[in-house]
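The file model_37.csv comes next; it holds CSV, N, CA and C atoms.
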```
chain,number,residue,atom,x,y,z
A,1,MET,N,-43.7,250.4,150.9
A,1,MET,CA,-43.2,251.4,151.8
A,1,MET,C,-43.5,252.8,151.2
A,2,ASP,N,-44.0,253.7,152.1
A,2,ASP,CA,-44.3,255.0,151.7
A,2,ASP,C,-43.1,255.8,151.4
A,3,ARG,N,-43.0,256.3,150.1
A,3,ARG,CA,-41.8,257.0,149.7
A,3,ARG,C,-41.6,258.3,150.5
A,4,ASN,N,-42.7,259.0,150.8
A,4,ASN,CA,-42.6,260.3,151.5
A,4,ASN,C,-42.1,260.0,153.0
A,5,LYS,N,-42.6,258.9,153.6
A,5,LYS,CA,-42.2,258.6,154.9
A,5,LYS,C,-40.6,258.4,155.0
A,6,GLY,N,-40.1,257.7,154.0
A,6,GLY,CA,-38.6,257.5,154.0
A,6,GLY,C,-37.9,258.8,153.8
A,7,ASP,N,-38.4,259.6,152.9
A,7,ASP,CA,-37.7,260.9,152.7
A,7,ASP,C,-37.7,261.7,153.9
A,8,ASN,N,-38.9,261.7,154.7
A,8,ASN,CA,-38.9,262.5,155.9
A,8,ASN,C,-38.0,262.0,156.9
A,9,SER,N,-37.8,260.7,157.1
A,9,SER,CA,-36.9,260.2,158.1
A,9,SER,C,-35.5,260.5,157.7
A,10,ALA,N,-35.1,260.5,156.4
A,10,ALA,CA,-33.8,260.8,156.0
A,10,ALA,C,-33.5,262.3,156.3
A,11,ALA,N,-34.5,263.1,156.0
A,11,ALA,CA,-34.4,264.6,156.2
A,11,ALA,C,-34.2,264.8,157.7
A,12,ALA,N,-35.0,264.1,158.5
A,12,ALA,CA,-34.9,264.3,160.0
A,12,ALA,C,-33.5,263.9,160.5
A,13,PHE,N,-33.0,262.8,160.0
A,13,PHE,CA,-31.7,262.3,160.4
A,13,PHE,C,-30.6,263.4,160.0
A,14,LEU,N,-30.7,263.9,158.8
A,14,LEU,CA,-29.8,264.9,158.3
A,14,LEU,C,-29.8,266.1,159.2
A,15,HIS,N,-31.1,266.6,159.4
A,15,HIS,CA,-31.3,267.8,160.2
A,15,HIS,C,-30.7,267.6,161.6
A,16,ALA,N,-30.9,266.5,162.3
A,16,ALA,CA,-30.4,266.2,163.6
A,16,ALA,C,-28.9,266.2,163.6
A,17,GLY,N,-28.3,265.6,162.6
A,17,GLY,CA,-26.8,265.5,162.5
A,17,GLY,C,-26.2,266.8,162.3
A,18,LEU,N,-26.7,267.6,161.4
A,18,LEU,CA,-26.1,268.9,161.2
A,18,LEU,C,-26.4,269.9,162.3
A,19,ALA,N,-27.6,269.7,163.0
A,19,ALA,CA,-27.9,270.6,164.1
A,19,ALA,C,-26.8,270.5,165.2
A,20,GLU,N,-26.3,269.3,165.4
A,20,GLU,CA,-25.2,269.1,166.4
A,20,GLU,C,-24.0,269.8,166.1
A,21,GLU,N,-23.8,270.2,164.8
A,21,GLU,CA,-22.5,270.8,164.3
A,21,GLU,C,-22.6,272.3,164.3
A,22,LEU,N,-23.8,272.9,164.6
A,22,LEU,CA,-23.9,274.3,164.5
A,22,LEU,C,-23.0,275.0,165.5
A,23,ASP,N,-22.4,276.1,165.0
A,23,ASP,CA,-21.4,276.9,165.8
A,23,ASP,C,-20.1,276.2,166.0
A,24,LYS,N,-19.8,275.1,165.4
A,24,LYS,CA,-18.6,274.4,165.5
A,24,LYS,C,-17.7,274.7,164.3
A,25,LYS,N,-16.4,274.6,164.5
A,25,LYS,CA,-15.5,274.8,163.4
A,25,LYS,C,-15.4,273.4,162.6
A,26,LEU,N,-15.7,273.5,161.3
A,26,LEU,CA,-15.8,272.3,160.5
A,26,LEU,C,-14.8,272.3,159.4
A,27,LEU,N,-14.5,271.2,158.9
A,27,LEU,CA,-13.7,271.0,157.7
A,27,LEU,C,-14.7,270.4,156.7
A,28,VAL,N,-14.8,271.0,155.5
A,28,VAL,CA,-15.7,270.6,154.5
A,28,VAL,C,-14.9,270.3,153.2
A,29,VAL,N,-15.0,269.1,152.7
A,29,VAL,CA,-14.3,268.8,151.5
A,29,VAL,C,-15.3,268.8,150.3
A,30,LEU,N,-15.0,269.5,149.3
A,30,LEU,CA,-16.0,269.6,148.2
A,30,LEU,C,-15.7,268.7,147.0
A,31,ARG,N,-16.6,268.5,146.2
A,31,ARG,CA,-16.4,267.5,145.0
A,31,ARG,C,-15.2,267.9,144.2
A,32,ASP,N,-14.9,269.2,144.0
A,32,ASP,CA,-13.8,269.6,143.2
A,32,ASP,C,-12.5,269.5,143.9
A,33,GLY,N,-12.5,268.9,145.2
A,33,GLY,CA,-11.2,268.7,145.9
A,33,GLY,C,-10.9,269.9,146.8
A,34,ARG,N,-11.5,271.0,146.8
A,34,ARG,CA,-11.2,272.1,147.7
A,34,ARG,C,-11.5,271.7,149.1
A,35,LYS,N,-10.8,272.2,150.0
A,35,LYS,CA,-10.9,271.9,151.5
A,35,LYS,C,-11.2,273.3,152.1
A,36,LEU,N,-12.4,273.4,152.8
A,36,LEU,CA,-12.8,274.6,153.4
A,36,LEU,C,-12.9,274.4,154.9
A,37,THR,N,-12.5,275.4,155.7
A,37,THR,CA,-12.7,275.3,157.2
A,37,THR,C,-13.5,276.6,157.5
A,38,GLY,N,-14.4,276.5,158.5
A,38,GLY,CA,-15.2,277.6,158.9
A,38,GLY,C,-16.2,277.2,159.9
A,39,TYR,N,-16.9,278.1,160.5
A,39,TYR,CA,-17.9,277.9,161.5
A,39,TYR,C,-19.3,277.7,160.9
A,40,LEU,N,-19.9,276.6,161.1
A,40,LEU,CA,-21.3,276.3,160.6
A,40,LEU,C,-22.3,277.2,161.3
A,41,ARG,N,-22.9,278.1,160.6
A,41,ARG,CA,-23.9,279.0,161.2
A,41,ARG,C,-25.3,278.6,160.8
A,42,SER,N,-25.5,278.0,159.7
A,42,SER,CA,-26.9,277.6,159.3
A,42,SER,C,-26.8,276.5,158.2
A,43,PHE,N,-28.0,275.9,158.0
A,43,PHE,CA,-28.1,274.9,156.9
A,43,PHE,C,-29.6,274.7,156.7
A,44,ASP,N,-29.9,274.1,155.6
A,44,ASP,CA,-31.4,273.9,155.2
A,44,ASP,C,-31.6,272.4,154.9
A,45,GLN,N,-32.8,272.1,154.5
A,45,GLN,CA,-33.3,270.7,154.2
A,45,GLN,C,-32.5,270.1,153.1
A,46,PHE,N,-31.8,270.9,152.3
A,46,PHE,CA,-31.0,270.3,151.2
A,46,PHE,C,-29.5,270.2,151.5
A,47,ALA,N,-29.2,270.4,152.8
A,47,ALA,CA,-27.8,270.3,153.3
A,47,ALA,C,-27.0,271.5,152.7
A,48,ASN,N,-27.6,272.5,152.2
A,48,ASN,CA,-26.8,273.7,151.9
A,48,ASN,C,-26.3,274.3,153.2
A,49,LEU,N,-25.0,274.7,153.2
A,49,LEU,CA,-24.4,275.2,154.4
A,49,LEU,C,-24.0,276.6,154.3
A,50,LEU,N,-24.1,277.3,155.4
A,50,LEU,CA,-23.6,278.7,155.6
A,50,LEU,C,-22.4,278.6,156.5
A,51,LEU,N,-21.2,278.9,156.0
A,51,LEU,CA,-20.0,279.0,156.9
A,51,LEU,C,-19.6,280.4,157.1
A,52,GLU,N,-19.1,280.7,158.3
A,52,GLU,CA,-18.6,282.0,158.6
A,52,GLU,C,-17.1,281.9,159.0
A,53,ASP,N,-16.4,282.9,158.7
A,53,ASP,CA,-14.9,282.9,158.9
A,53,ASP,C,-14.3,281.7,158.2
A,54,THR,N,-14.7,281.6,156.9
A,54,THR,CA,-14.3,280.5,156.1
A,54,THR,C,-12.9,280.7,155.5
A,55,HIS,N,-12.1,279.6,155.4
A,55,HIS,CA,-10.8,279.7,154.8
A,55,HIS,C,-10.7,278.5,153.9
A,56,GLU,N,-10.0,278.7,152.7
A,56,GLU,CA,-9.7,277.5,151.9
A,56,GLU,C,-8.3,277.1,152.2
A,57,ARG,N,-8.2,275.8,152.6
A,57,ARG,CA,-6.9,275.2,153.0
A,57,ARG,C,-6.2,274.6,151.7
A,58,HIS,N,-5.0,275.1,151.5
A,58,HIS,CA,-4.2,274.6,150.4
A,58,HIS,C,-3.0,273.8,151.0
A,59,ILE,N,-2.8,272.6,150.5
A,59,ILE,CA,-1.8,271.7,151.1
A,59,ILE,C,-0.9,271.3,149.9
A,60,VAL,N,0.4,271.5,150.1
A,60,VAL,CA,1.4,271.1,149.1
A,60,VAL,C,2.5,270.5,149.9
A,61,ASN,N,2.8,269.2,149.7
A,61,ASN,CA,3.8,268.4,150.4
A,61,ASN,C,3.6,268.6,151.9
A,62,ASP,N,4.6,269.2,152.6
A,62,ASP,CA,4.5,269.4,154.0
A,62,ASP,C,4.1,270.8,154.4
A,63,MET,N,3.6,271.5,153.5
A,63,MET,CA,3.2,272.9,153.8
A,63,MET,C,1.7,273.1,153.6
A,64,TYR,N,1.2,274.1,154.3
A,64,TYR,CA,-0.2,274.5,154.1
A,64,TYR,C,-0.4,276.0,154.4
A,65,ALA,N,-1.5,276.5,153.8
A,65,ALA,CA,-1.8,277.9,154.0
A,65,ALA,C,-3.4,278.0,153.9
A,66,ASP,N,-3.9,278.9,154.7
A,66,ASP,CA,-5.4,279.1,154.7
A,66,ASP,C,-5.7,280.5,154.1
A,67,ILE,N,-6.4,280.4,153.0
A,67,ILE,CA,-6.8,281.7,152.3
A,67,ILE,C,-8.2,282.1,152.8
A,68,PRO,N,-8.3,283.3,153.4
A,68,PRO,CA,-9.6,283.7,153.9
A,68,PRO,C,-10.6,284.0,152.8
A,69,LEU,N,-11.8,283.5,153.0
A,69,LEU,CA,-12.9,283.7,152.1
A,69,LEU,C,-14.1,284.5,152.7
A,70,GLY,N,-14.2,284.5,154.1
A,70,GLY,CA,-15.3,285.2,154.7
A,70,GLY,C,-16.5,284.3,154.9
A,71,ILE,N,-17.7,284.9,154.6
A,71,ILE,CA,-18.9,284.1,154.7
A,71,ILE,C,-19.1,283.4,153.4
A,72,TYR,N,-19.4,282.1,153.5
A,72,TYR,CA,-19.4,281.2,152.3
A,72,TYR,C,-20.7,280.4,152.3
A,73,ILE,N,-21.4,280.3,151.2
A,73,ILE,CA,-22.5,279.4,151.1
A,73,ILE,C,-22.1,278.2,150.2
A,74,ILE,N,-22.4,277.0,150.7
A,74,ILE,CA,-22.0,275.8,149.9
A,74,ILE,C,-23.3,275.0,149.6
A,75,ARG,N,-23.4,274.7,148.3
A,75,ARG,CA,-24.6,273.9,147.9
A,75,ARG,C,-24.3,272.5,148.4
A,76,GLY,N,-25.4,271.9,149.0
A,76,GLY,CA,-25.2,270.6,149.7
A,76,GLY,C,-24.7,269.5,148.8
A,77,GLU,N,-25.1,269.5,147.5
A,77,GLU,CA,-24.7,268.4,146.6
A,77,GLU,C,-23.2,268.4,146.3
A,78,ASN,N,-22.5,269.5,146.7
A,78,ASN,CA,-21.1,269.6,146.4
A,78,ASN,C,-20.3,269.1,147.6
A,79,VAL,N,-20.9,268.8,148.7
A,79,VAL,CA,-20.2,268.4,149.9
A,79,VAL,C,-19.9,266.9,149.8
A,80,VAL,N,-18.6,266.5,150.0
A,80,VAL,CA,-18.2,265.1,150.0
A,80,VAL,C,-18.0,264.6,151.4
A,81,LEU,N,-17.4,265.5,152.2
A,81,LEU,CA,-17.0,265.1,153.6
A,81,LEU,C,-17.2,266.4,154.5
A,82,LEU,N,-17.7,266.1,155.7
A,82,LEU,CA,-17.9,267.2,156.6
A,82,LEU,C,-17.6,266.7,158.0
A,83,GLY,N,-16.8,267.4,158.8
A,83,GLY,CA,-16.5,266.9,160.1
A,83,GLY,C,-16.0,268.1,161.0
A,84,ASP,N,-16.2,268.0,162.3
A,84,ASP,CA,-15.7,269.0,163.1
A,84,ASP,C,-14.2,268.9,163.4
A,85,ILE,N,-13.5,270.0,163.6
A,85,ILE,CA,-12.1,270.1,163.8
A,85,ILE,C,-11.8,270.2,165.3
A,86,ASP,N,-10.9,269.3,165.7
A,86,ASP,CA,-10.5,269.4,167.1
A,86,ASP,C,-9.4,270.5,167.2
A,87,ALA,N,-9.7,271.6,167.9
A,87,ALA,CA,-8.8,272.7,167.9
A,87,ALA,C,-7.5,272.4,168.5
A,88,GLN,N,-7.5,271.5,169.6
A,88,GLN,CA,-6.2,271.2,170.2
A,88,GLN,C,-5.3,270.4,169.2
A,89,LYS,N,-5.9,269.4,168.5
A,89,LYS,CA,-5.1,268.7,167.5
A,89,LYS,C,-4.6,269.5,166.4
A,90,GLU,N,-5.5,270.5,166.0
A,90,GLU,CA,-5.1,271.4,164.8
A,90,GLU,C,-3.9,272.2,165.2
A,91,GLU,N,-3.9,272.7,166.5
A,91,GLU,CA,-2.8,273.6,166.9
A,91,GLU,C,-1.5,272.8,167.2
A,92,SER,N,-1.7,271.5,167.6
A,92,SER,CA,-0.5,270.8,168.0
A,92,SER,C,0.1,269.9,166.9
A,93,GLN,N,-0.6,269.8,165.7
A,93,GLN,CA,-0.1,269.0,164.6
A,93,GLN,C,1.3,269.4,164.2
A,94,THR,N,2.1,268.5,163.9
A,94,THR,CA,3.5,268.8,163.5
A,94,THR,C,3.8,268.3,162.1
A,95,ARG,N,2.9,267.6,161.4
A,95,ARG,CA,3.2,267.1,160.1
A,95,ARG,C,3.3,268.1,159.0
A,96,LEU,N,2.4,269.2,159.2
A,96,LEU,CA,2.4,270.2,158.2
A,96,LEU,C,2.9,271.5,158.8
A,97,ARG,N,3.6,272.3,158.1
A,97,ARG,CA,4.0,273.7,158.6
A,97,ARG,C,3.2,274.7,157.8
A,98,GLN,N,2.8,275.7,158.6
A,98,GLN,CA,2.0,276.8,157.9
A,98,GLN,C,3.0,277.8,157.3
A,99,VAL,N,2.6,278.2,156.0
A,99,VAL,CA,3.4,279.1,155.3
A,99,VAL,C,2.5,280.2,154.8
A,100,SER,N,3.1,281.3,154.2
A,100,SER,CA,2.3,282.4,153.7
A,100,SER,C,1.5,282.0,152.4
A,101,ILE,N,0.5,282.8,152.1
A,101,ILE,CA,-0.3,282.5,150.9
A,101,ILE,C,0.6,282.6,149.6
A,102,PRO,N,1.4,283.6,149.5
A,102,PRO,CA,2.3,283.6,148.3
A,102,PRO,C,3.2,282.4,148.2
A,103,GLU,N,3.7,281.9,149.3
A,103,GLU,CA,4.5,280.7,149.3
A,103,GLU,C,3.8,279.5,148.8
A,104,ILE,N,2.6,279.3,149.3
A,104,ILE,CA,1.8,278.1,148.9
A,104,ILE,C,1.3,278.2,147.5
A,105,LEU,N,1.0,279.4,147.0
A,105,LEU,CA,0.6,279.5,145.6
A,105,LEU,C,1.8,279.3,144.7
A,106,ALA,N,2.9,279.7,145.1
A,106,ALA,CA,4.1,279.5,144.3
A,106,ALA,C,4.4,278.0,144.2
A,107,ALA,N,4.3,277.3,145.3
A,107,ALA,CA,4.5,275.8,145.4
A,107,ALA,C,3.5,275.1,144.5
A,108,GLU,N,2.3,275.5,144.5
A,108,GLU,CA,1.3,274.9,143.6
A,108,GLU,C,1.6,275.2,142.2
A,109,GLY,N,2.1,276.4,141.9
A,109,GLY,CA,2.4,276.7,140.5
A,109,GLY,C,3.6,275.8,140.0
A,110,GLU,N,4.6,275.6,140.9
A,110,GLU,CA,5.7,274.7,140.5
A,110,GLU,C,5.2,273.3,140.2
A,111,ILE,N,4.3,272.8,141.0
A,111,ILE,CA,3.7,271.5,140.8
A,111,ILE,C,2.9,271.4,139.5
A,112,ASP,N,2.1,272.4,139.3
A,112,ASP,CA,1.3,272.5,138.0
A,112,ASP,C,2.3,272.5,136.8
A,113,GLN,N,3.3,273.3,136.9
A,113,GLN,CA,4.3,273.4,135.8
A,113,GLN,C,5.0,272.0,135.6
A,114,HIS,N,5.3,271.4,136.6
A,114,HIS,CA,6.0,270.1,136.5
A,114,HIS,C,5.0,269.1,135.9
A,115,ASP,N,3.7,269.1,136.4
A,115,ASP,CA,2.7,268.1,135.9
A,115,ASP,C,2.5,268.4,134.4
A,116,ASN,N,2.4,269.7,134.0
A,116,ASN,CA,2.1,270.0,132.6
A,116,ASN,C,3.3,269.6,131.7
A,117,ALA,N,4.5,269.7,132.2
A,117,ALA,CA,5.7,269.3,131.5
A,117,ALA,C,5.7,267.8,131.3
A,118,LYS,N,5.3,267.0,132.3
A,118,LYS,CA,5.3,265.6,132.2
A,118,LYS,C,4.2,265.1,131.3
A,119,ALA,N,3.0,265.6,131.3
A,119,ALA,CA,1.9,265.1,130.5
A,119,ALA,C,1.1,266.3,130.0
A,120,PRO,N,1.5,266.9,128.9
A,120,PRO,CA,0.8,268.0,128.3
A,120,PRO,C,-0.6,267.6,128.0
A,121,GLY,N,-1.5,268.6,128.4
A,121,GLY,CA,-2.9,268.4,128.1
A,121,GLY,C,-3.7,267.6,129.1
A,122,SER,N,-3.0,267.1,130.1
A,122,SER,CA,-3.7,266.3,131.2
A,122,SER,C,-4.0,267.3,132.3
A,123,THR,N,-5.0,267.0,133.1
A,123,THR,CA,-5.4,267.9,134.2
A,123,THR,C,-4.7,267.3,135.5
A,124,ARG,N,-4.5,268.2,136.4
A,124,ARG,CA,-3.8,267.8,137.7
A,124,ARG,C,-4.8,266.9,138.5
A,125,LYS,N,-4.4,265.8,139.0
A,125,LYS,CA,-5.2,265.0,139.8
A,125,LYS,C,-5.1,265.4,141.2
A,126,SER,N,-6.2,265.3,141.9
A,126,SER,CA,-6.2,265.8,143.3
A,126,SER,C,-5.3,264.9,144.1
A,127,GLU,N,-4.6,265.5,145.0
A,127,GLU,CA,-3.7,264.8,145.9
A,127,GLU,C,-4.5,264.1,147.0
A,128,TRP,N,-3.9,263.1,147.6
A,128,TRP,CA,-4.6,262.4,148.7
A,128,TRP,C,-4.8,263.3,149.8
A,129,LEU,N,-6.0,263.3,150.4
A,129,LEU,CA,-6.4,264.2,151.5
A,129,LEU,C,-5.6,263.8,152.8
A,130,GLN,N,-5.0,264.9,153.4
A,130,GLN,CA,-4.2,264.7,154.6
A,130,GLN,C,-4.9,265.3,155.8
A,131,PHE,N,-5.8,264.6,156.4
A,131,PHE,CA,-6.6,265.2,157.4
A,131,PHE,C,-6.5,264.5,158.8
A,132,ASP,N,-5.7,263.5,158.8
A,132,ASP,CA,-5.6,262.6,160.0
A,132,ASP,C,-5.4,263.4,161.3
A,133,ASP,N,-4.6,264.5,161.2
A,133,ASP,CA,-4.3,265.3,162.4
A,133,ASP,C,-5.3,266.3,162.8
A,134,LEU,N,-6.3,266.5,162.0
A,134,LEU,CA,-7.3,267.5,162.3
A,134,LEU,C,-8.6,267.1,163.0
A,135,PHE,N,-8.9,265.7,162.9
A,135,PHE,CA,-10.1,265.2,163.5
A,135,PHE,C,-9.9,264.7,164.9
```
Show how you would write the structure in this file as C-alpha cells.
Amino acid sequence: MDRNKGDNSAAAFLHAGLAEELDKKLLVVLRDGRKLTGYLRSFDQFANLLLEDTHERHIVNDMYADIPLGIYIIRGENVVLLGDIDAQKEESQTRLRQVSIPEILAAEGEIDQHDNAKAPGSTRKSEWLQFDDLF
C-alpha cells in the first residue's frame, strides 16, 4: 500500500469532517483536561484549530462557570474530543447551575485544599467529564 495515498485519504477525511463544523459552537476537550467552548473559524491540515469567542468551562460538583478567553489557537495534537454544542440543550440543561467566576475558582480552591490535605504531594486527578446535556 502506498503510504502517501493513505495519508492523503486520512487528511481528506479530517478536512471534510472539520469543514462541516466551521462557524458552529464547539466543545473541545484538551489532553490536560481543560474544556473549551467557542466558534470554529479555521483549521489546517494538522487539525490545529482557531476558535473565536472562546470560554474555558470549569465544572465543580453541580456548578459551572465559563471564563472568557477570546480568540484561541489550539494545537491539533492536544485535542482529545471535539463536538458541536446543541444550543437548545445547553440552555435547557438543569443538572448544572451557572455561578460567577470567583465562586467557581473558590470551589476549585477548596477541592484542591482538600485533596492536598488527603494526599500531600499528589496531583489532582481530572474529574469525570459531564457533557451528556450539551450534545
Q | Closest of A:Pro68, A:Gln113, A:Gly76, A:Met63 to Arg95 (chain A) - atom-to-atom distances counting only N, CA and C atoms | A |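 Using only N, CA and C atoms, the shortest distance to Arg95 (chain A) belongs to A:Met63.
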Q. Out of A:Arg57, A:Arg75, A:Lys24, A:Lys89, which residue has the shortest atom-to-atom distance to Arg41 (chain A) when counting only C-alpha atoms?
A.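 Comparing A:Arg57, A:Arg75, A:Lys24, A:Lys89 against Arg41 (chain A), the winner is A:Lys24.
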Q: Please measure the separation of CA of Lys25 (chain A) and atom N of Leu50 (chain A), giving the value in Å to one decimal.
A: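 Going from CA of Lys25 (chain A) over to atom N of Leu50 (chain A), I get 12.0 Å.
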Q: Can you work out which one of A:Gly33, A:Ala47, A:Asn116, A:Gly109 has the shortest atom-to-atom distance to Glu77 (chain A), counting all atoms listed in the file?
A: A:Ala47
Q: Have a look at A:Asn48, A:Ala16, A:His58, A:Leu40 and name the one nearest to Leu105 (chain A); count only N, CA and C atoms.
A: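 When distances to Leu105 (chain A) are compared using only N, CA and C atoms, the smallest one comes from A:His58.
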For Asn61 (chain A): contacts at 8 Å, only N, CA and C atoms, fewer than 5 positions along chain excluded, given as a PDB file with N, CA and C atoms, in the frame of the given file:
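After the write, out39.pdb holds the following:
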```
ATOM      1  N   ARG A  95       2.900 267.600 161.400  1.00  0.00           N
ATOM      2  CA  ARG A  95       3.200 267.100 160.100  1.00  0.00           C
ATOM      3  C   ARG A  95       3.300 268.100 159.000  1.00  0.00           C
ATOM      4  N   LEU A  96       2.400 269.200 159.200  1.00  0.00           N
ATOM      5  CA  LEU A  96       2.400 270.200 158.200  1.00  0.00           C
ATOM      6  C   LEU A  96       2.900 271.500 158.800  1.00  0.00           C
ATOM      7  N   ARG A  97       3.600 272.300 158.100  1.00  0.00           N
ATOM      8  CA  ARG A  97       4.000 273.700 158.600  1.00  0.00           C
ATOM      9  C   ARG A  97       3.200 274.700 157.800  1.00  0.00           C
ATOM     10  N   ALA A 107       4.300 277.300 145.300  1.00  0.00           N
ATOM     11  CA  ALA A 107       4.500 275.800 145.400  1.00  0.00           C
ATOM     12  C   ALA A 107       3.500 275.100 144.500  1.00  0.00           C
TER      13      ALA A 107
END
```
Just the helix (DSSP H, G or I) stuff from region 6-82 of chain A, please, per backbone DSSP, written as an mmCIF file with N, CA and C atoms, in the frame of the given file.
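Printed below is selection39.cif as written:
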```cif
data_model
loop_
_atom_site.group_PDB
_atom_site.id
_atom_site.type_symbol
_atom_site.label_atom_id
_atom_site.label_comp_id
_atom_site.auth_asym_id
_atom_site.auth_seq_id
_atom_site.Cartn_x
_atom_site.Cartn_y
_atom_site.Cartn_z
ATOM 1 N N GLY A 6 -40.100 257.700 154.000
ATOM 2 C CA GLY A 6 -38.600 257.500 154.000
ATOM 3 C C GLY A 6 -37.900 258.800 153.800
ATOM 4 N N ASP A 7 -38.400 259.600 152.900
ATOM 5 C CA ASP A 7 -37.700 260.900 152.700
ATOM 6 C C ASP A 7 -37.700 261.700 153.900
ATOM 7 N N ASN A 8 -38.900 261.700 154.700
ATOM 8 C CA ASN A 8 -38.900 262.500 155.900
ATOM 9 C C ASN A 8 -38.000 262.000 156.900
ATOM 10 N N SER A 9 -37.800 260.700 157.100
ATOM 11 C CA SER A 9 -36.900 260.200 158.100
ATOM 12 C C SER A 9 -35.500 260.500 157.700
ATOM 13 N N ALA A 10 -35.100 260.500 156.400
ATOM 14 C CA ALA A 10 -33.800 260.800 156.000
ATOM 15 C C ALA A 10 -33.500 262.300 156.300
ATOM 16 N N ALA A 11 -34.500 263.100 156.000
ATOM 17 C CA ALA A 11 -34.400 264.600 156.200
ATOM 18 C C ALA A 11 -34.200 264.800 157.700
ATOM 19 N N ALA A 12 -35.000 264.100 158.500
ATOM 20 C CA ALA A 12 -34.900 264.300 160.000
ATOM 21 C C ALA A 12 -33.500 263.900 160.500
ATOM 22 N N PHE A 13 -33.000 262.800 160.000
ATOM 23 C CA PHE A 13 -31.700 262.300 160.400
ATOM 24 C C PHE A 13 -30.600 263.400 160.000
ATOM 25 N N LEU A 14 -30.700 263.900 158.800
ATOM 26 C CA LEU A 14 -29.800 264.900 158.300
ATOM 27 C C LEU A 14 -29.800 266.100 159.200
ATOM 28 N N HIS A 15 -31.100 266.600 159.400
ATOM 29 C CA HIS A 15 -31.300 267.800 160.200
ATOM 30 C C HIS A 15 -30.700 267.600 161.600
ATOM 31 N N ALA A 16 -30.900 266.500 162.300
ATOM 32 C CA ALA A 16 -30.400 266.200 163.600
ATOM 33 C C ALA A 16 -28.900 266.200 163.600
ATOM 34 N N GLY A 17 -28.300 265.600 162.600
ATOM 35 C CA GLY A 17 -26.800 265.500 162.500
ATOM 36 C C GLY A 17 -26.200 266.800 162.300
ATOM 37 N N LEU A 18 -26.700 267.600 161.400
ATOM 38 C CA LEU A 18 -26.100 268.900 161.200
ATOM 39 C C LEU A 18 -26.400 269.900 162.300
ATOM 40 N N ALA A 19 -27.600 269.700 163.000
ATOM 41 C CA ALA A 19 -27.900 270.600 164.100
ATOM 42 C C ALA A 19 -26.800 270.500 165.200
ATOM 43 N N GLY A 76 -25.400 271.900 149.000
ATOM 44 C CA GLY A 76 -25.200 270.600 149.700
ATOM 45 C C GLY A 76 -24.700 269.500 148.800
ATOM 46 N N GLU A 77 -25.100 269.500 147.500
ATOM 47 C CA GLU A 77 -24.700 268.400 146.600
ATOM 48 C C GLU A 77 -23.200 268.400 146.300
ATOM 49 N N ASN A 78 -22.500 269.500 146.700
ATOM 50 C CA ASN A 78 -21.100 269.600 146.400
ATOM 51 C C ASN A 78 -20.300 269.100 147.600
#
```
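For the atom pair formed by CA of Glu103 (chain A) and CA of Glu91 (chain A), the distance is 20.3 Å, given to one decimal.
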(Q) At a cut-off of 6.5 Å, using only N, CA and C atoms, what residues contact Arg31 (chain A)? Leave out same-chain residues fewer than 2 positions from it and give the result as a list in words. (A) Val29, Gly33, Arg34, Asn78, Val79 and Val80 of chain A
Give me, as a PDB file with N, CA and C atoms, keeping the file's coordinate frame, all polymer residues having an atom no more than 9 Å from Gly83 (chain A), counting only C-alpha atoms and skipping those fewer than 4 positions away in the same chain.
```
ATOM      1  N   GLU A  21     -23.800 270.200 164.800  1.00  0.00           N
ATOM      2  CA  GLU A  21     -22.500 270.800 164.300  1.00  0.00           C
ATOM      3  C   GLU A  21     -22.600 272.300 164.300  1.00  0.00           C
ATOM      4  N   LYS A  25     -16.400 274.600 164.500  1.00  0.00           N
ATOM      5  CA  LYS A  25     -15.500 274.800 163.400  1.00  0.00           C
ATOM      6  C   LYS A  25     -15.400 273.400 162.600  1.00  0.00           C
ATOM      7  N   LEU A  26     -15.700 273.500 161.300  1.00  0.00           N
ATOM      8  CA  LEU A  26     -15.800 272.300 160.500  1.00  0.00           C
ATOM      9  C   LEU A  26     -14.800 272.300 159.400  1.00  0.00           C
ATOM     10  N   LEU A  27     -14.500 271.200 158.900  1.00  0.00           N
ATOM     11  CA  LEU A  27     -13.700 271.000 157.700  1.00  0.00           C
ATOM     12  C   LEU A  27     -14.700 270.400 156.700  1.00  0.00           C
ATOM     13  N   VAL A  28     -14.800 271.000 155.500  1.00  0.00           N
ATOM     14  CA  VAL A  28     -15.700 270.600 154.500  1.00  0.00           C
ATOM     15  C   VAL A  28     -14.900 270.300 153.200  1.00  0.00           C
ATOM     16  N   PHE A 135      -8.900 265.700 162.900  1.00  0.00           N
ATOM     17  CA  PHE A 135     -10.100 265.200 163.500  1.00  0.00           C
ATOM     18  C   PHE A 135      -9.900 264.700 164.900  1.00  0.00           C
TER      19      PHE A 135
END
```
Atom completion result for region 74-79 of chain A (N, CA, C and O atoms) as a compact mmCIF listing (two decimals), in the coordinates of the input:
```txt
# COMPACT_ATOMS: atom_id res chain seq x y z
N ILE A 74 -22.40 277.00 150.70
CA ILE A 74 -22.00 275.80 149.90
C ILE A 74 -23.30 275.00 149.60
O ILE A 74 -24.08 274.72 150.48
N ARG A 75 -23.40 274.70 148.30
CA ARG A 75 -24.60 273.90 147.90
C ARG A 75 -24.30 272.50 148.40
O ARG A 75 -23.27 271.90 148.25
N GLY A 76 -25.40 271.90 149.00
CA GLY A 76 -25.20 270.60 149.70
C GLY A 76 -24.70 269.50 148.80
O GLY A 76 -24.00 268.62 149.25
N GLU A 77 -25.10 269.50 147.50
CA GLU A 77 -24.70 268.40 146.60
C GLU A 77 -23.20 268.40 146.30
O GLU A 77 -22.68 267.47 145.81
N ASN A 78 -22.50 269.50 146.70
CA ASN A 78 -21.10 269.60 146.40
C ASN A 78 -20.30 269.10 147.60
O ASN A 78 -19.03 269.04 147.53
N VAL A 79 -20.90 268.80 148.70
CA VAL A 79 -20.20 268.40 149.90
C VAL A 79 -19.90 266.90 149.80
O VAL A 79 -20.78 266.05 149.66
```
